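> Supplied structure: start04.pdb, PDB, C-alpha atoms.
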ATOM      1  CA  MET A   1     -56.506 -25.083 -16.036
ATOM      2  CA  ASP A   2     -56.155 -21.961 -18.136
ATOM      3  CA  LEU A   3     -55.661 -19.539 -15.300
ATOM      4  CA  PRO A   4     -53.312 -16.593 -15.385
ATOM      5  CA  GLY A   5     -49.898 -17.577 -14.167
ATOM      6  CA  SER A   6     -49.914 -15.614 -10.945
ATOM      7  CA  ILE A   7     -53.290 -16.958  -9.761
ATOM      8  CA  HIS A   8     -52.173 -20.466 -10.669
ATOM      9  CA  ASP A   9     -48.972 -20.064  -8.671
ATOM     10  CA  PHE A  10     -50.779 -18.524  -5.707
ATOM     11  CA  LEU A  11     -53.284 -21.388  -5.597
ATOM     12  CA  LEU A  12     -50.508 -23.954  -5.849
ATOM     13  CA  VAL A  13     -48.546 -22.375  -3.020
ATOM     14  CA  SER A  14     -51.584 -22.138  -0.741
ATOM     15  CA  LEU A  15     -52.633 -25.735  -1.479
ATOM     16  CA  GLY A  16     -49.091 -26.865  -0.823
ATOM     17  CA  LEU A  17     -49.032 -25.148   2.551
ATOM     18  CA  VAL A  18     -52.347 -26.683   3.582
ATOM     19  CA  LEU A  19     -51.075 -30.085   2.430
ATOM     20  CA  ILE A  20     -47.893 -29.739   4.483
ATOM     21  CA  LEU A  21     -49.789 -28.794   7.634
ATOM     22  CA  GLY A  22     -52.434 -31.448   7.049
ATOM     23  CA  GLY A  23     -49.838 -34.153   6.599
ATOM     24  CA  LEU A  24     -48.220 -33.184   9.878
ATOM     25  CA  GLY A  25     -51.635 -33.189  11.488
ATOM     26  CA  VAL A  26     -52.447 -36.725  10.350
ATOM     27  CA  VAL A  27     -49.266 -38.130  11.824
ATOM     28  CA  LEU A  28     -48.697 -36.034  14.916
ATOM     29  CA  LEU A  29     -52.142 -35.371  16.386
ATOM     30  CA  THR A  30     -52.912 -37.668  19.295
ATOM     31  CA  ASN A  31     -56.691 -37.605  19.094
ATOM     32  CA  PRO A  32     -57.615 -40.012  16.261
ATOM     33  CA  ILE A  33     -60.750 -38.060  15.346
ATOM     34  CA  TYR A  34     -58.697 -34.913  14.713
ATOM     35  CA  SER A  35     -56.270 -37.035  12.739
ATOM     36  CA  ALA A  36     -59.074 -38.449  10.573
ATOM     37  CA  PHE A  37     -60.458 -34.978   9.865
ATOM     38  CA  SER A  38     -56.996 -33.778   8.961
ATOM     39  CA  LEU A  39     -56.760 -36.675   6.513
ATOM     40  CA  GLY A  40     -60.054 -35.511   5.003
ATOM     41  CA  LEU A  41     -58.624 -32.024   4.576
ATOM     42  CA  VAL A  42     -55.521 -33.449   2.873
ATOM     43  CA  LEU A  43     -57.657 -35.495   0.469
ATOM     44  CA  VAL A  44     -59.843 -32.506  -0.459
ATOM     45  CA  CYS A  45     -56.746 -30.383  -1.101
ATOM     46  CA  ILE A  46     -55.274 -33.091  -3.306
ATOM     47  CA  SER A  47     -58.524 -33.153  -5.281
ATOM     48  CA  LEU A  48     -58.318 -29.366  -5.799
ATOM     49  CA  PHE A  49     -54.745 -29.840  -6.912
ATOM     50  CA  TYR A  50     -55.878 -32.339  -9.519
ATOM     51  CA  ILE A  51     -58.337 -29.775 -10.874
ATOM     52  CA  LEU A  52     -55.443 -27.353 -11.276
ATOM     53  CA  SER A  53     -53.559 -30.032 -13.220
ATOM     54  CA  ASN A  54     -56.225 -30.448 -15.911
ATOM     55  CA  SER A  55     -57.284 -33.848 -14.567
ATOM     56  CA  HIS A  56     -60.933 -33.263 -13.854
ATOM     57  CA  PHE A  57     -62.020 -36.881 -13.949
ATOM     58  CA  VAL A  58     -59.459 -38.033 -11.416
ATOM     59  CA  ALA A  59     -60.314 -35.051  -9.205
ATOM     60  CA  ALA A  60     -63.971 -36.056  -9.175
ATOM     61  CA  ALA A  61     -63.060 -39.714  -8.582
ATOM     62  CA  GLN A  62     -60.781 -38.723  -5.697
ATOM     63  CA  LEU A  63     -63.474 -36.571  -4.124
ATOM     64  CA  LEU A  64     -66.140 -39.256  -4.428
ATOM     65  CA  ILE A  65     -64.119 -42.327  -3.511
ATOM     66  CA  TYR A  66     -61.474 -41.096  -1.131
ATOM     67  CA  VAL A  67     -63.296 -38.378   0.764
ATOM     68  CA  GLY A  68     -66.787 -39.767   0.361
ATOM     69  CA  ALA A  69     -66.144 -43.443   1.022
ATOM     70  CA  ILE A  70     -62.710 -44.176   2.455
ATOM     71  CA  ASN A  71     -62.563 -41.247   4.841
ATOM     72  CA  VAL A  72     -66.085 -41.987   6.082
ATOM     73  CA  LEU A  73     -65.072 -45.625   6.596
ATOM     74  CA  ILE A  74     -62.046 -44.508   8.593
ATOM     75  CA  LEU A  75     -64.238 -42.255  10.714
ATOM     76  CA  PHE A  76     -66.568 -45.190  11.392
ATOM     77  CA  ALA A  77     -63.618 -47.289  12.514
ATOM     78  CA  VAL A  78     -62.356 -44.436  14.712
ATOM     79  CA  MET A  79     -65.771 -44.060  16.340
ATOM     80  CA  PHE A  80     -65.858 -47.754  17.167
ATOM     81  CA  MET A  81     -62.585 -47.635  19.012
ATOM     82  CA  ASN A  82     -62.772 -47.812  22.777
ATOM     83  CA  GLY A  83     -61.672 -45.039  25.048
ATOM     84  CA  SER A  84     -58.799 -47.129  26.301
ATOM     85  CA  GLU A  85     -57.125 -46.944  22.905
ATOM     86  CA  TYR A  86     -57.401 -43.162  22.915
ATOM     87  CA  SER A  87     -54.980 -40.635  24.319
ATOM     88  CA  ASN A  88     -51.660 -42.341  24.323
ATOM     89  CA  ASP A  89     -49.282 -40.189  26.261
ATOM     90  CA  TRP A  90     -47.316 -38.185  23.749
ATOM     91  CA  ASN A  91     -44.289 -38.058  25.984
ATOM     92  CA  LEU A  92     -43.497 -41.666  25.109
ATOM     93  CA  TRP A  93     -41.002 -40.611  22.412
ATOM     94  CA  THR A  94     -39.106 -43.847  22.136
ATOM     95  CA  VAL A  95     -35.755 -44.536  20.528
ATOM     96  CA  GLY A  96     -37.547 -46.164  17.608
ATOM     97  CA  ASP A  97     -39.354 -42.905  16.846
ATOM     98  CA  GLY A  98     -36.048 -41.063  16.687
ATOM     99  CA  ILE A  99     -34.430 -43.624  14.388
ATOM    100  CA  THR A 100     -37.491 -43.634  12.118
ATOM    101  CA  SER A 101     -37.528 -39.847  11.872
ATOM    102  CA  LEU A 102     -33.839 -39.922  10.968
ATOM    103  CA  ILE A 103     -34.423 -42.519   8.263
ATOM    104  CA  CYS A 104     -37.446 -40.657   6.880
ATOM    105  CA  THR A 105     -35.530 -37.402   6.772
ATOM    106  CA  SER A 106     -32.711 -39.112   4.886
ATOM    107  CA  ILE A 107     -35.220 -40.615   2.427
ATOM    108  CA  PHE A 108     -36.718 -37.162   1.891
ATOM    109  CA  ILE A 109     -33.326 -35.518   1.380
ATOM    110  CA  SER A 110     -32.235 -38.206  -1.091
ATOM    111  CA  LEU A 111     -35.505 -37.759  -3.035
ATOM    112  CA  ILE A 112     -34.983 -33.991  -3.166
ATOM    113  CA  THR A 113     -31.429 -34.550  -4.427
ATOM    114  CA  ILE A 114     -32.657 -36.883  -7.165
ATOM    115  CA  ILE A 115     -35.428 -34.475  -8.193
ATOM    116  CA  SER A 116     -33.130 -31.486  -8.450
ATOM    117  CA  ASP A 117     -30.437 -33.422 -10.279
ATOM    118  CA  THR A 118     -32.691 -34.702 -13.059
ATOM    119  CA  SER A 119     -32.812 -32.669 -16.253
ATOM    120  CA  TRP A 120     -36.573 -32.427 -16.737
ATOM    121  CA  TYR A 121     -36.349 -30.113 -19.703
ATOM    122  CA  ALA A 122     -34.498 -32.683 -21.760
ATOM    123  CA  ILE A 123     -37.281 -35.192 -21.053
ATOM    124  CA  ILE A 124     -39.985 -32.672 -21.940
ATOM    125  CA  TRP A 125     -38.204 -31.894 -25.171
ATOM    126  CA  THR A 126     -37.891 -35.547 -26.192
ATOM    127  CA  THR A 127     -41.495 -36.393 -25.352
ATOM    128  CA  ARG A 128     -42.948 -33.342 -27.050
ATOM    129  CA  THR A 129     -41.565 -34.429 -30.401
ATOM    130  CA  ASN A 130     -43.099 -37.894 -30.039
ATOM    131  CA  GLN A 131     -46.631 -36.885 -29.191
ATOM    132  CA  ILE A 132     -49.370 -37.252 -31.724
ATOM    133  CA  LEU A 133     -51.304 -34.032 -31.934
ATOM    134  CA  GLU A 134     -54.543 -35.470 -33.192
ATOM    135  CA  GLN A 135     -56.460 -35.773 -29.923
ATOM    136  CA  ASP A 136     -56.968 -32.097 -29.432
ATOM    137  CA  LEU A 137     -60.756 -32.029 -29.610
ATOM    138  CA  THR A 138     -61.565 -34.442 -26.814
ATOM    139  CA  SER A 139     -61.824 -33.348 -23.223
ATOM    140  CA  ASN A 140     -60.090 -34.997 -20.326
ATOM    141  CA  GLY A 141     -62.932 -37.308 -19.352
ATOM    142  CA  GLN A 142     -63.515 -38.378 -22.931
ATOM    143  CA  GLN A 143     -59.858 -39.223 -23.396
ATOM    144  CA  ILE A 144     -59.858 -41.367 -20.257
ATOM    145  CA  GLY A 145     -63.043 -43.093 -21.413
ATOM    146  CA  ILE A 146     -61.474 -43.898 -24.778
ATOM    147  CA  HIS A 147     -58.429 -45.390 -23.079
ATOM    148  CA  LEU A 148     -60.423 -47.402 -20.558
ATOM    149  CA  SER A 149     -62.593 -49.005 -23.217
ATOM    150  CA  THR A 150     -59.897 -49.777 -25.779
ATOM    151  CA  ASP A 151     -56.351 -49.969 -24.487
ATOM    152  CA  PHE A 152     -56.952 -50.679 -20.829
ATOM    153  CA  PHE A 153     -60.068 -52.788 -21.113
ATOM    154  CA  LEU A 154     -58.605 -55.884 -19.476
ATOM    155  CA  PRO A 155     -57.250 -54.082 -16.374
ATOM    156  CA  PHE A 156     -60.620 -52.379 -16.070
ATOM    157  CA  GLU A 157     -62.455 -55.704 -15.926
ATOM    158  CA  PHE A 158     -59.923 -57.157 -13.548
ATOM    159  CA  ILE A 159     -60.221 -54.252 -11.182
ATOM    160  CA  SER A 160     -63.991 -54.629 -11.142
ATOM    161  CA  ILE A 161     -63.534 -58.279 -10.152
ATOM    162  CA  ILE A 162     -60.968 -57.292  -7.518
ATOM    163  CA  LEU A 163     -63.360 -54.787  -5.970
ATOM    164  CA  LEU A 164     -66.163 -57.347  -5.917
ATOM    165  CA  VAL A 165     -63.969 -60.014  -4.309
ATOM    166  CA  ALA A 166     -62.579 -57.542  -1.779
ATOM    167  CA  LEU A 167     -65.997 -56.435  -0.627
ATOM    168  CA  ILE A 168     -67.335 -59.985  -0.407
ATOM    169  CA  GLY A 169     -64.225 -60.965   1.545
ATOM    170  CA  ALA A 170     -64.594 -57.998   3.889
ATOM    171  CA  ILE A 171     -68.189 -58.934   4.637
ATOM    172  CA  ALA A 172     -67.245 -62.590   5.136
ATOM    173  CA  VAL A 173     -64.476 -61.631   7.549
ATOM    174  CA  ALA A 174     -66.606 -59.166   9.474
ATOM    175  CA  ARG A 175     -69.420 -61.626   9.969
ATOM    176  CA  GLN A 176     -67.412 -63.732  12.354
TER     177      GLN A 176
ATOM    178  CA  MET B   1     -42.704 -25.775 -11.161
ATOM    179  CA  LEU B   2     -42.552 -29.487 -11.822
ATOM    180  CA  GLU B   3     -39.889 -29.946  -9.177
ATOM    181  CA  HIS B   4     -41.920 -28.168  -6.499
ATOM    182  CA  VAL B   5     -44.833 -30.515  -6.942
ATOM    183  CA  LEU B   6     -42.522 -33.524  -6.898
ATOM    184  CA  VAL B   7     -40.895 -32.253  -3.697
ATOM    185  CA  LEU B   8     -44.362 -31.872  -2.171
ATOM    186  CA  SER B   9     -45.270 -35.444  -3.028
ATOM    187  CA  ALA B  10     -41.906 -36.676  -1.719
ATOM    188  CA  TYR B  11     -42.650 -34.864   1.555
ATOM    189  CA  LEU B  12     -46.063 -36.522   1.857
ATOM    190  CA  PHE B  13     -44.456 -39.878   1.081
ATOM    191  CA  SER B  14     -41.824 -39.570   3.810
ATOM    192  CA  ILE B  15     -44.378 -38.285   6.341
ATOM    193  CA  GLY B  16     -46.554 -41.283   5.455
ATOM    194  CA  ILE B  17     -43.679 -43.712   5.992
ATOM    195  CA  TYR B  18     -42.901 -42.140   9.354
ATOM    196  CA  GLY B  19     -46.526 -42.296  10.462
ATOM    197  CA  LEU B  20     -46.929 -45.859   9.238
ATOM    198  CA  VAL B  21     -43.880 -47.144  11.098
ATOM    199  CA  THR B  22     -44.463 -45.290  14.376
ATOM    200  CA  SER B  23     -48.203 -45.755  14.785
ATOM    201  CA  ARG B  24     -49.402 -47.905  17.638
ATOM    202  CA  ASN B  25     -52.947 -48.012  16.370
ATOM    203  CA  MET B  26     -54.169 -49.904  13.347
ATOM    204  CA  VAL B  27     -56.549 -47.171  12.134
ATOM    205  CA  ARG B  28     -53.774 -44.584  12.245
ATOM    206  CA  ALA B  29     -51.554 -46.936  10.219
ATOM    207  CA  LEU B  30     -54.321 -47.207   7.624
ATOM    208  CA  MET B  31     -54.611 -43.424   7.461
ATOM    209  CA  CYS B  32     -50.871 -43.103   6.844
ATOM    210  CA  LEU B  33     -51.121 -45.775   4.164
ATOM    211  CA  GLU B  34     -53.727 -43.644   2.411
ATOM    212  CA  LEU B  35     -51.281 -40.719   2.627
ATOM    213  CA  LEU B  36     -48.611 -42.830   0.908
ATOM    214  CA  LEU B  37     -50.903 -43.833  -1.933
ATOM    215  CA  ASN B  38     -52.052 -40.257  -2.425
ATOM    216  CA  ALA B  39     -48.479 -39.022  -2.643
ATOM    217  CA  VAL B  40     -47.826 -41.546  -5.420
ATOM    218  CA  ASN B  41     -51.017 -40.431  -7.158
ATOM    219  CA  ILE B  42     -49.889 -36.806  -7.116
ATOM    220  CA  ASN B  43     -46.697 -37.920  -8.823
ATOM    221  CA  PHE B  44     -48.574 -39.796 -11.525
ATOM    222  CA  ILE B  45     -50.961 -36.933 -12.244
ATOM    223  CA  THR B  46     -48.150 -34.395 -12.398
ATOM    224  CA  PHE B  47     -46.158 -36.479 -14.842
ATOM    225  CA  SER B  48     -49.252 -37.091 -16.927
ATOM    226  CA  ASP B  49     -49.961 -33.361 -17.012
ATOM    227  CA  PHE B  50     -46.459 -32.338 -17.980
ATOM    228  CA  PHE B  51     -45.296 -35.085 -20.316
ATOM    229  CA  ASP B  52     -48.311 -36.930 -21.647
ATOM    230  CA  ASN B  53     -50.929 -34.297 -22.176
ATOM    231  CA  ARG B  54     -52.585 -36.063 -25.105
ATOM    232  CA  GLN B  55     -52.785 -39.657 -24.010
ATOM    233  CA  LEU B  56     -53.129 -39.362 -20.220
ATOM    234  CA  LYS B  57     -51.727 -42.751 -19.335
ATOM    235  CA  GLY B  58     -50.716 -41.514 -15.874
ATOM    236  CA  ASN B  59     -54.308 -40.533 -15.164
ATOM    237  CA  ILE B  60     -55.504 -44.059 -15.989
ATOM    238  CA  PHE B  61     -52.969 -45.592 -13.645
ATOM    239  CA  SER B  62     -53.932 -43.295 -10.802
ATOM    240  CA  ILE B  63     -57.583 -44.290 -11.249
ATOM    241  CA  PHE B  64     -56.495 -47.874 -10.757
ATOM    242  CA  VAL B  65     -54.459 -46.911  -7.694
ATOM    243  CA  ILE B  66     -57.530 -45.188  -6.198
ATOM    244  CA  ALA B  67     -59.616 -48.311  -6.790
ATOM    245  CA  ILE B  68     -57.021 -50.625  -5.223
ATOM    246  CA  ALA B  69     -56.697 -48.306  -2.236
ATOM    247  CA  ALA B  70     -60.458 -48.413  -1.758
ATOM    248  CA  ALA B  71     -60.473 -52.224  -1.795
ATOM    249  CA  GLU B  72     -57.587 -52.437   0.636
ATOM    250  CA  ALA B  73     -59.110 -49.900   3.015
ATOM    251  CA  ALA B  74     -62.357 -51.865   3.036
ATOM    252  CA  ILE B  75     -60.570 -55.100   3.907
ATOM    253  CA  GLY B  76     -58.253 -53.461   6.422
ATOM    254  CA  LEU B  77     -61.091 -51.797   8.297
ATOM    255  CA  ALA B  78     -63.235 -54.919   8.397
ATOM    256  CA  ASN B  79     -60.787 -56.486  10.793
TER     257      ASN B  79
END
Once you've parsed the file, please lay out its structure as structure tokens.


Amino acid sequence: MDLPGSIHDFLLVSLGLVLILGGLGVVLLTNPIYSAFSLGLVLVCISLFYILSNSHFVAAAQLLIYVGAINVLILFAVMFMNGSEYSNDWNLWTVGDGITSLICTSIFISLITIISDTSWYAIIWTTRTNQILEQDLTSNGQQIGIHLSTDFFLPFEFISIILLVALIGAIAVARQ
Amino acid sequence: MLEHVLVLSAYLFSIGIYGLVTSRNMVRALMCLELLLNAVNINFITFSDFFDNRQLKGNIFSIFVIAIAAAEAAIGLAN
């Protein structure tokens, strides 16, 4: 988006904070309904982040599909759970939880090390000189449409077939 | 700027792995799986915004990831 730099940075920082808290809420909240609503908040914030990154089509697709369909499906599944599966006692912090948190922290620290050790500016410089500057008049959605109908036509058809097969399979499984 | 967004997506990824491994419930595991896929999508969109502003190949791939995640959530929740 063509916002002034300070507003852009402020929005990014606030979205990042909400994402951090929402992610913790999905994993750590014991009530699954609260956890599902926290997931909805995370997905909406990610969609707003996509708008800030000039990807309007993917932001709309995320809002429609993830929040509108997948999150609603998850809420349906949460509502159908019995009360006996609710309210696990949070004091059951097992040894496995501790080991997993250690491993996840080490994964996160190694990812941060890799990110800060990569010279991104060299990559930006080498890709800027290779880009063709002719597609300046098309908007984001038009550019994606051009790609989906010419370069990525075969994956597009395959993914339509995959979605059809997945939904037929889900109905066939749920009927029994 | 680029690194902060990548660190954010790395954080969501590791939180998703932790939630996926330590969840006793299948619906909670599915929710953490959606977190994982969204973290990867943030990465794709950020790279497409910074490096590939004219051809948007990262955006195309994240559309496919969203579609696959929808199919897998439908099958996973039918059980």

> Report as a ChimeraX atom specification all protein, DNA and RNA residues lying within 10 Å of Ile63 (chain B), evaluated on only C-alpha atoms, omitting residues in the same chain fewer than 2 positions from it.

/A:57-59,61-62,144,156 /B:41,45,58-61,65-69

> For those residues, write C-alpha atoms to a file as a PDB file, in the frame of the given file.


ATOM      1  CA  PHE A  57     -62.020 -36.881 -13.949  1.00  0.00           C
ATOM      2  CA  VAL A  58     -59.459 -38.033 -11.416  1.00  0.00           C
ATOM      3  CA  ALA A  59     -60.314 -35.051  -9.205  1.00  0.00           C
ATOM      4  CA  ALA A  61     -63.060 -39.714  -8.582  1.00  0.00           C
ATOM      5  CA  GLN A  62     -60.781 -38.723  -5.697  1.00  0.00           C
ATOM      6  CA  ILE A 144     -59.858 -41.367 -20.257  1.00  0.00           C
ATOM      7  CA  PHE A 156     -60.620 -52.379 -16.070  1.00  0.00           C
TER       8      PHE A 156
ATOM      9  CA  ASN B  41     -51.017 -40.431  -7.158  1.00  0.00           C
ATOM     10  CA  ILE B  45     -50.961 -36.933 -12.244  1.00  0.00           C
ATOM     11  CA  GLY B  58     -50.716 -41.514 -15.874  1.00  0.00           C
ATOM     12  CA  ASN B  59     -54.308 -40.533 -15.164  1.00  0.00           C
ATOM     13  CA  ILE B  60     -55.504 -44.059 -15.989  1.00  0.00           C
ATOM     14  CA  PHE B  61     -52.969 -45.592 -13.645  1.00  0.00           C
ATOM     15  CA  VAL B  65     -54.459 -46.911  -7.694  1.00  0.00           C
ATOM     16  CA  ILE B  66     -57.530 -45.188  -6.198  1.00  0.00           C
ATOM     17  CA  ALA B  67     -59.616 -48.311  -6.790  1.00  0.00           C
ATOM     18  CA  ILE B  68     -57.021 -50.625  -5.223  1.00  0.00           C
ATOM     19  CA  ALA B  69     -56.697 -48.306  -2.236  1.00  0.00           C
TER      20      ALA B  69
END

> Using all atoms listed in the file, I'd like a table of the residues in chain A that come within 6 Å of chain B; for each, show the closest atom pair and its distance in Å rounded to one decimal, ordered by chain and ascending number, as a Markdown table.


| residue | atom | partner | partner_atom | distance |
| --- | --- | --- | --- | --- |
| A:Val27 | CA | B:Gly19 | CA | 5.2 |
| A:Cys104 | CA | B:Ser14 | CA | 5.5 |
| A:Phe108 | CA | B:Ser14 | CA | 6.0 |
| A:Leu163 | CA | B:Ala71 | CA | 5.7 |
| A:Ala166 | CA | B:Ala71 | CA | 5.7 |
| A:Ala170 | CA | B:Ile75 | CA | 5.0 |
| A:Ala174 | CA | B:Ala78 | CA | 5.5 |

> Please write as a ChimeraX atom specification the full residue list that the PyMOL selection byres ((chain A and resi 37-39) around 6) yields on this file.

/A:22,25-26,34-36,40-42

> Quick one, how far is CA of Leu12 (chain A) from CA of Leu52 (chain A)?

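About the pair CA of Leu12 (chain A) and CA of Leu52 (chain A): they are 8.1 Å apart.
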
> For the PyMOL selection byres ((chain A and resi 67) around 9), applied here, can you spell out every residue it catches as a PDB file with C-alpha atoms, in the frame of the given file?


ATOM      1  CA  LEU A  39     -56.760 -36.675   6.513  1.00  0.00           C
ATOM      2  CA  GLY A  40     -60.054 -35.511   5.003  1.00  0.00           C
ATOM      3  CA  LEU A  41     -58.624 -32.024   4.576  1.00  0.00           C
ATOM      4  CA  LEU A  43     -57.657 -35.495   0.469  1.00  0.00           C
ATOM      5  CA  VAL A  44     -59.843 -32.506  -0.459  1.00  0.00           C
ATOM      6  CA  GLN A  62     -60.781 -38.723  -5.697  1.00  0.00           C
ATOM      7  CA  LEU A  63     -63.474 -36.571  -4.124  1.00  0.00           C
ATOM      8  CA  LEU A  64     -66.140 -39.256  -4.428  1.00  0.00           C
ATOM      9  CA  ILE A  65     -64.119 -42.327  -3.511  1.00  0.00           C
ATOM     10  CA  TYR A  66     -61.474 -41.096  -1.131  1.00  0.00           C
ATOM     11  CA  GLY A  68     -66.787 -39.767   0.361  1.00  0.00           C
ATOM     12  CA  ALA A  69     -66.144 -43.443   1.022  1.00  0.00           C
ATOM     13  CA  ILE A  70     -62.710 -44.176   2.455  1.00  0.00           C
ATOM     14  CA  ASN A  71     -62.563 -41.247   4.841  1.00  0.00           C
ATOM     15  CA  VAL A  72     -66.085 -41.987   6.082  1.00  0.00           C
TER      16      VAL A  72
END

> Could you tell me how far CA of Ala60 (chain A) lies from CA of Val165 (chain A), in Å and to one decimal?

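Rounded to one decimal, the two atoms are 24.4 Å apart.
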
> How many Å separate CA of His8 (chain A) from CA of Ser53 (chain A)?

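So the answer is 10.0 Å.
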
> Near Leu11 (chain A), within 9 Å and counting only C-alpha atoms, which residues show up once chain neighbours fewer than 4 positions away are dropped, as a VMD selection string?

chain A and resid 6 to 7 15 to 16 49 52

> Since the input lacks atoms, please generate N, CA, C and O atoms for region 30-41 of chain A and provide them as a tab-separated table (two decimals), in the frame of the given file.


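Generated output (part-v7.tsv):
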chain	number	residue	atom	x	y	z
A	30	THR	N	-52.70	-36.49	18.46
A	30	THR	CA	-52.91	-37.67	19.30
A	30	THR	C	-54.35	-38.15	19.24
A	30	THR	O	-54.59	-39.35	19.26
A	31	ASN	N	-55.29	-37.21	19.16
A	31	ASN	CA	-56.69	-37.60	19.09
A	31	ASN	C	-56.98	-38.17	17.70
A	31	ASN	O	-56.79	-37.47	16.71
A	32	PRO	N	-57.45	-39.43	17.61
A	32	PRO	CA	-57.62	-40.01	16.26
A	32	PRO	C	-58.72	-39.37	15.44
A	32	PRO	O	-58.70	-39.43	14.21
A	33	ILE	N	-59.70	-38.73	16.11
A	33	ILE	CA	-60.75	-38.06	15.35
A	33	ILE	C	-60.19	-36.83	14.65
A	33	ILE	O	-60.47	-36.57	13.47
A	34	TYR	N	-59.35	-36.06	15.35
A	34	TYR	CA	-58.70	-34.91	14.71
A	34	TYR	C	-57.82	-35.37	13.57
A	34	TYR	O	-57.75	-34.73	12.52
A	35	SER	N	-57.15	-36.51	13.78
A	35	SER	CA	-56.27	-37.03	12.74
A	35	SER	C	-57.07	-37.44	11.51
A	35	SER	O	-56.64	-37.20	10.37
A	36	ALA	N	-58.25	-38.05	11.72
A	36	ALA	CA	-59.07	-38.45	10.57
A	36	ALA	C	-59.62	-37.24	9.83
A	36	ALA	O	-59.68	-37.24	8.59
A	37	PHE	N	-59.98	-36.18	10.54
A	37	PHE	CA	-60.46	-34.98	9.86
A	37	PHE	C	-59.34	-34.28	9.12
A	37	PHE	O	-59.54	-33.70	8.06
A	38	SER	N	-58.14	-34.34	9.67
A	38	SER	CA	-57.00	-33.78	8.96
A	38	SER	C	-56.72	-34.55	7.68
A	38	SER	O	-56.35	-33.97	6.66
A	39	LEU	N	-56.91	-35.88	7.73
A	39	LEU	CA	-56.76	-36.67	6.51
A	39	LEU	C	-57.81	-36.27	5.49
A	39	LEU	O	-57.52	-36.19	4.29
A	40	GLY	N	-59.04	-35.98	5.93
A	40	GLY	CA	-60.05	-35.51	5.00
A	40	GLY	C	-59.67	-34.20	4.35
A	40	GLY	O	-59.88	-33.99	3.14
A	41	LEU	N	-59.08	-33.29	5.14
A	41	LEU	CA	-58.62	-32.02	4.58
A	41	LEU	C	-57.54	-32.24	3.54
A	41	LEU	O	-57.53	-31.60	2.48
